[in-house]
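Note sheet for the following structure.
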Amino acid sequence: MTKVKKQAKKGYSWVEKGCFSLIFFSLLIIVSILLPSGLVILESHGQIKPSEVYLKNPSEKFAAIVVFGAGLNKDGSPSLVLEDRLKEAAKLYHGKLAEKIIVTGDHTPPYYDEVSAMQHYLEEAAVPSSAIIKDGQGFSTFASVENLFRASKKEDSSLGAKAQGYLFVTQRYHLYRAVYIANKMGLEVQGAPSERRFYPGSFYYYLREILARDKDALQLEFYLRDIRVNLRDLIE
């Protein structure tokens, strides 16, 4: 009986302590990953509304509708995700919410031209080519928003130096990050989700987006000051 009591007083074994430590650090890593992503969503969700809300208020005009690229099929046509973004943008354009549509994505000639495919799709949806502005340097969401920021500060920009805000069109899970980046760069933006169906690989998209939010939130904290310094001449 005495031996049993003595053994009980020894406490946890090294195996148990190792398990507790592993659980603790695993939870710490999970929180470290999810917390920045959650803050991005919290800060931007109020600027995201269904397209129907904007269409019911035609007096609300935007300098441009911005469509983010999402890859092409092997035949060069927009992917399902991108197709829905373009459909939504065309609907909003025909609802007279903006006179311009900016298509931003990857144009790496001669092998890949995402923005031309986007332009062609919009033209097939009765959007005139004169209303479409192509940004072929949108290699990432961060780059697309930064390019928009640069363009909005140029006096000779076709968008105007005093743009009346932009309407971002992409899937909701992606909108949170795009709107967040724009907010941090001082752009006035709203978002319109473009989900129209279930997308194969959705779980992968959501998981990747969590990590992308963390990356861009961190990038903004460390590099936004440098970006503003580099753009000082344009702003002044």
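Here, A, B, ... name the chains of the structure tokens in the order displayed, residue numbers run from 1 inside each chain, and ligands are numbered from 1 in the same displayed order.
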Checklist entry - Within 9 Å of segment 205-210 of chain A, counting only C-alpha atoms, which residues qualify if same-chain residues fewer than 4 places away don't, as a list of chain:residue names? => result A:Ile33, A:Leu34, A:Pro36, A:Ser37, A:Gly38, A:Tyr173, A:His174, A:Arg177, A:Gly201, A:Asp214, A:Lys215
Item to check | Residues within 9 Å of Lys61 of chain A, only C-alpha atoms, excluding chain neighbours under 6 positions, as a list of chain:residue names | outcome: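 The contact residues come out as A:Lys96, A:Leu97, A:Ala98, A:Glu99, A:Gln164, A:Gly165, A:Tyr166.
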Next on the checklist: So that I can check the surroundings of segment 40-54 of chain A, please list as number ranges by chain every protein, DNA and RNA residue that reaches within 7 Å of it, counting only C-alpha atoms and ignoring chain neighbours fewer than 5 positions away.
Outcome noted: A: 176-177, 179-180, 190-193, 213
For the structure I just gave you, how does DSSP split segment 110-166 of chain A - specifically, which residues are helix (DSSP H, G or I)? Reply as a PDB file with N, CA, C and O atoms, in the first residue's frame.
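Saved file out.pdb follows:
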ATOM      1  N   GLU A 114      -4.020  35.234 -69.240  1.00  0.00           N
ATOM      2  CA  GLU A 114      -5.266  35.146 -68.479  1.00  0.00           C
ATOM      3  C   GLU A 114      -6.180  36.330 -68.751  1.00  0.00           C
ATOM      4  O   GLU A 114      -7.397  36.176 -68.926  1.00  0.00           O
ATOM      5  N   VAL A 115      -5.608  37.538 -68.813  1.00  0.00           N
ATOM      6  CA  VAL A 115      -6.441  38.740 -68.928  1.00  0.00           C
ATOM      7  C   VAL A 115      -7.125  38.845 -70.297  1.00  0.00           C
ATOM      8  O   VAL A 115      -8.243  39.346 -70.398  1.00  0.00           O
ATOM      9  N   SER A 116      -6.470  38.357 -71.355  1.00  0.00           N
ATOM     10  CA  SER A 116      -7.115  38.389 -72.671  1.00  0.00           C
ATOM     11  C   SER A 116      -8.292  37.420 -72.725  1.00  0.00           C
ATOM     12  O   SER A 116      -9.325  37.695 -73.345  1.00  0.00           O
ATOM     13  N   ALA A 117      -8.145  36.268 -72.073  1.00  0.00           N
ATOM     14  CA  ALA A 117      -9.251  35.316 -71.985  1.00  0.00           C
ATOM     15  C   ALA A 117     -10.411  35.922 -71.203  1.00  0.00           C
ATOM     16  O   ALA A 117     -11.590  35.730 -71.556  1.00  0.00           O
ATOM     17  N   MET A 118     -10.099  36.667 -70.164  1.00  0.00           N
ATOM     18  CA  MET A 118     -11.120  37.344 -69.378  1.00  0.00           C
ATOM     19  C   MET A 118     -11.816  38.421 -70.205  1.00  0.00           C
ATOM     20  O   MET A 118     -13.039  38.564 -70.175  1.00  0.00           O
ATOM     21  N   GLN A 119     -11.023  39.166 -70.966  1.00  0.00           N
ATOM     22  CA  GLN A 119     -11.595  40.198 -71.831  1.00  0.00           C
ATOM     23  C   GLN A 119     -12.532  39.584 -72.866  1.00  0.00           C
ATOM     24  O   GLN A 119     -13.642  40.076 -73.094  1.00  0.00           O
ATOM     25  N   HIS A 120     -12.090  38.511 -73.491  1.00  0.00           N
ATOM     26  CA  HIS A 120     -12.900  37.854 -74.511  1.00  0.00           C
ATOM     27  C   HIS A 120     -14.223  37.372 -73.929  1.00  0.00           C
ATOM     28  O   HIS A 120     -15.285  37.532 -74.556  1.00  0.00           O
ATOM     29  N   TYR A 121     -14.183  36.808 -72.738  1.00  0.00           N
ATOM     30  CA  TYR A 121     -15.416  36.309 -72.107  1.00  0.00           C
ATOM     31  C   TYR A 121     -16.381  37.468 -71.843  1.00  0.00           C
ATOM     32  O   TYR A 121     -17.592  37.349 -72.089  1.00  0.00           O
ATOM     33  N   LEU A 122     -15.858  38.581 -71.366  1.00  0.00           N
ATOM     34  CA  LEU A 122     -16.712  39.738 -71.083  1.00  0.00           C
ATOM     35  C   LEU A 122     -17.293  40.323 -72.367  1.00  0.00           C
ATOM     36  O   LEU A 122     -18.461  40.743 -72.396  1.00  0.00           O
ATOM     37  N   GLU A 123     -16.509  40.338 -73.433  1.00  0.00           N
ATOM     38  CA  GLU A 123     -17.022  40.837 -74.713  1.00  0.00           C
ATOM     39  C   GLU A 123     -18.151  39.953 -75.216  1.00  0.00           C
ATOM     40  O   GLU A 123     -19.132  40.445 -75.792  1.00  0.00           O
ATOM     41  N   GLU A 124     -18.024  38.639 -75.000  1.00  0.00           N
ATOM     42  CA  GLU A 124     -19.105  37.721 -75.368  1.00  0.00           C
ATOM     43  C   GLU A 124     -20.351  37.962 -74.513  1.00  0.00           C
ATOM     44  O   GLU A 124     -21.467  37.622 -74.924  1.00  0.00           O
ATOM     45  N   SER A 129     -15.330  46.409 -75.511  1.00  0.00           N
ATOM     46  CA  SER A 129     -13.882  46.354 -75.237  1.00  0.00           C
ATOM     47  C   SER A 129     -13.378  47.673 -74.671  1.00  0.00           C
ATOM     48  O   SER A 129     -12.416  47.689 -73.884  1.00  0.00           O
ATOM     49  N   SER A 130     -14.032  48.780 -75.034  1.00  0.00           N
ATOM     50  CA  SER A 130     -13.609  50.088 -74.530  1.00  0.00           C
ATOM     51  C   SER A 130     -13.843  50.238 -73.030  1.00  0.00           C
ATOM     52  O   SER A 130     -13.271  51.125 -72.391  1.00  0.00           O
ATOM     53  N   ALA A 131     -14.674  49.370 -72.477  1.00  0.00           N
ATOM     54  CA  ALA A 131     -14.978  49.443 -71.040  1.00  0.00           C
ATOM     55  C   ALA A 131     -14.075  48.528 -70.219  1.00  0.00           C
ATOM     56  O   ALA A 131     -14.168  48.505 -68.994  1.00  0.00           O
ATOM     57  N   THR A 141      -2.925  38.183 -55.578  1.00  0.00           N
ATOM     58  CA  THR A 141      -3.931  39.120 -55.081  1.00  0.00           C
ATOM     59  C   THR A 141      -3.267  40.384 -54.580  1.00  0.00           C
ATOM     60  O   THR A 141      -3.730  41.496 -54.851  1.00  0.00           O
ATOM     61  N   PHE A 142      -2.177  40.219 -53.854  1.00  0.00           N
ATOM     62  CA  PHE A 142      -1.454  41.380 -53.333  1.00  0.00           C
ATOM     63  C   PHE A 142      -0.988  42.282 -54.480  1.00  0.00           C
ATOM     64  O   PHE A 142      -1.149  43.507 -54.428  1.00  0.00           O
ATOM     65  N   ALA A 143      -0.416  41.673 -55.524  1.00  0.00           N
ATOM     66  CA  ALA A 143       0.073  42.453 -56.662  1.00  0.00           C
ATOM     67  C   ALA A 143      -1.072  43.156 -57.385  1.00  0.00           C
ATOM     68  O   ALA A 143      -0.934  44.310 -57.798  1.00  0.00           O
ATOM     69  N   SER A 144      -2.203  42.486 -57.529  1.00  0.00           N
ATOM     70  CA  SER A 144      -3.355  43.089 -58.214  1.00  0.00           C
ATOM     71  C   SER A 144      -3.844  44.332 -57.483  1.00  0.00           C
ATOM     72  O   SER A 144      -4.125  45.371 -58.101  1.00  0.00           O
ATOM     73  N   VAL A 145      -3.954  44.239 -56.164  1.00  0.00           N
ATOM     74  CA  VAL A 145      -4.432  45.384 -55.391  1.00  0.00           C
ATOM     75  C   VAL A 145      -3.387  46.499 -55.384  1.00  0.00           C
ATOM     76  O   VAL A 145      -3.724  47.678 -55.495  1.00  0.00           O
ATOM     77  N   GLU A 146      -2.126  46.134 -55.293  1.00  0.00           N
ATOM     78  CA  GLU A 146      -1.075  47.150 -55.328  1.00  0.00           C
ATOM     79  C   GLU A 146      -1.065  47.876 -56.675  1.00  0.00           C
ATOM     80  O   GLU A 146      -0.899  49.101 -56.733  1.00  0.00           O
ATOM     81  N   ASN A 147      -1.259  47.139 -57.773  1.00  0.00           N
ATOM     82  CA  ASN A 147      -1.322  47.768 -59.090  1.00  0.00           C
ATOM     83  C   ASN A 147      -2.487  48.742 -59.182  1.00  0.00           C
ATOM     84  O   ASN A 147      -2.383  49.815 -59.778  1.00  0.00           O
ATOM     85  N   LEU A 148      -3.614  48.360 -58.588  1.00  0.00           N
ATOM     86  CA  LEU A 148      -4.781  49.239 -58.561  1.00  0.00           C
ATOM     87  C   LEU A 148      -4.475  50.493 -57.758  1.00  0.00           C
ATOM     88  O   LEU A 148      -4.855  51.599 -58.144  1.00  0.00           O
ATOM     89  N   PHE A 149      -3.783  50.325 -56.646  1.00  0.00           N
ATOM     90  CA  PHE A 149      -3.394  51.461 -55.817  1.00  0.00           C
ATOM     91  C   PHE A 149      -2.514  52.422 -56.602  1.00  0.00           C
ATOM     92  O   PHE A 149      -2.704  53.647 -56.579  1.00  0.00           O
ATOM     93  N   ARG A 150      -1.540  51.875 -57.312  1.00  0.00           N
ATOM     94  CA  ARG A 150      -0.645  52.710 -58.124  1.00  0.00           C
ATOM     95  C   ARG A 150      -1.434  53.472 -59.194  1.00  0.00           C
ATOM     96  O   ARG A 150      -1.238  54.676 -59.390  1.00  0.00           O
ATOM     97  N   ALA A 151      -2.314  52.753 -59.888  1.00  0.00           N
ATOM     98  CA  ALA A 151      -3.081  53.379 -60.970  1.00  0.00           C
ATOM     99  C   ALA A 151      -3.993  54.479 -60.450  1.00  0.00           C
ATOM    100  O   ALA A 151      -4.163  55.522 -61.091  1.00  0.00           O
ATOM    101  N   SER A 152      -4.578  54.277 -59.287  1.00  0.00           N
ATOM    102  CA  SER A 152      -5.512  55.257 -58.751  1.00  0.00           C
ATOM    103  C   SER A 152      -4.821  56.544 -58.331  1.00  0.00           C
ATOM    104  O   SER A 152      -5.465  57.586 -58.194  1.00  0.00           O
ATOM    105  N   LYS A 153      -3.488  56.501 -58.142  1.00  0.00           N
ATOM    106  CA  LYS A 153      -2.751  57.680 -57.714  1.00  0.00           C
ATOM    107  C   LYS A 153      -2.180  58.484 -58.877  1.00  0.00           C
ATOM    108  O   LYS A 153      -1.652  59.564 -58.683  1.00  0.00           O
TER     109      LYS A 153
END
Checklist outcome for this item: Of A:Phe62, A:Phe168, A:Tyr93, A:Tyr112, the one sitting nearest Gly76 of chain A when using only C-alpha atoms is A:Tyr112
Item to check | Shell of 8 Å around Val169 of chain A, only C-alpha atoms, local chain residues under 2 positions omitted, as number ranges by chain | outcome: A: 65-68, 85, 88-89, 167, 171, 175, 191-194
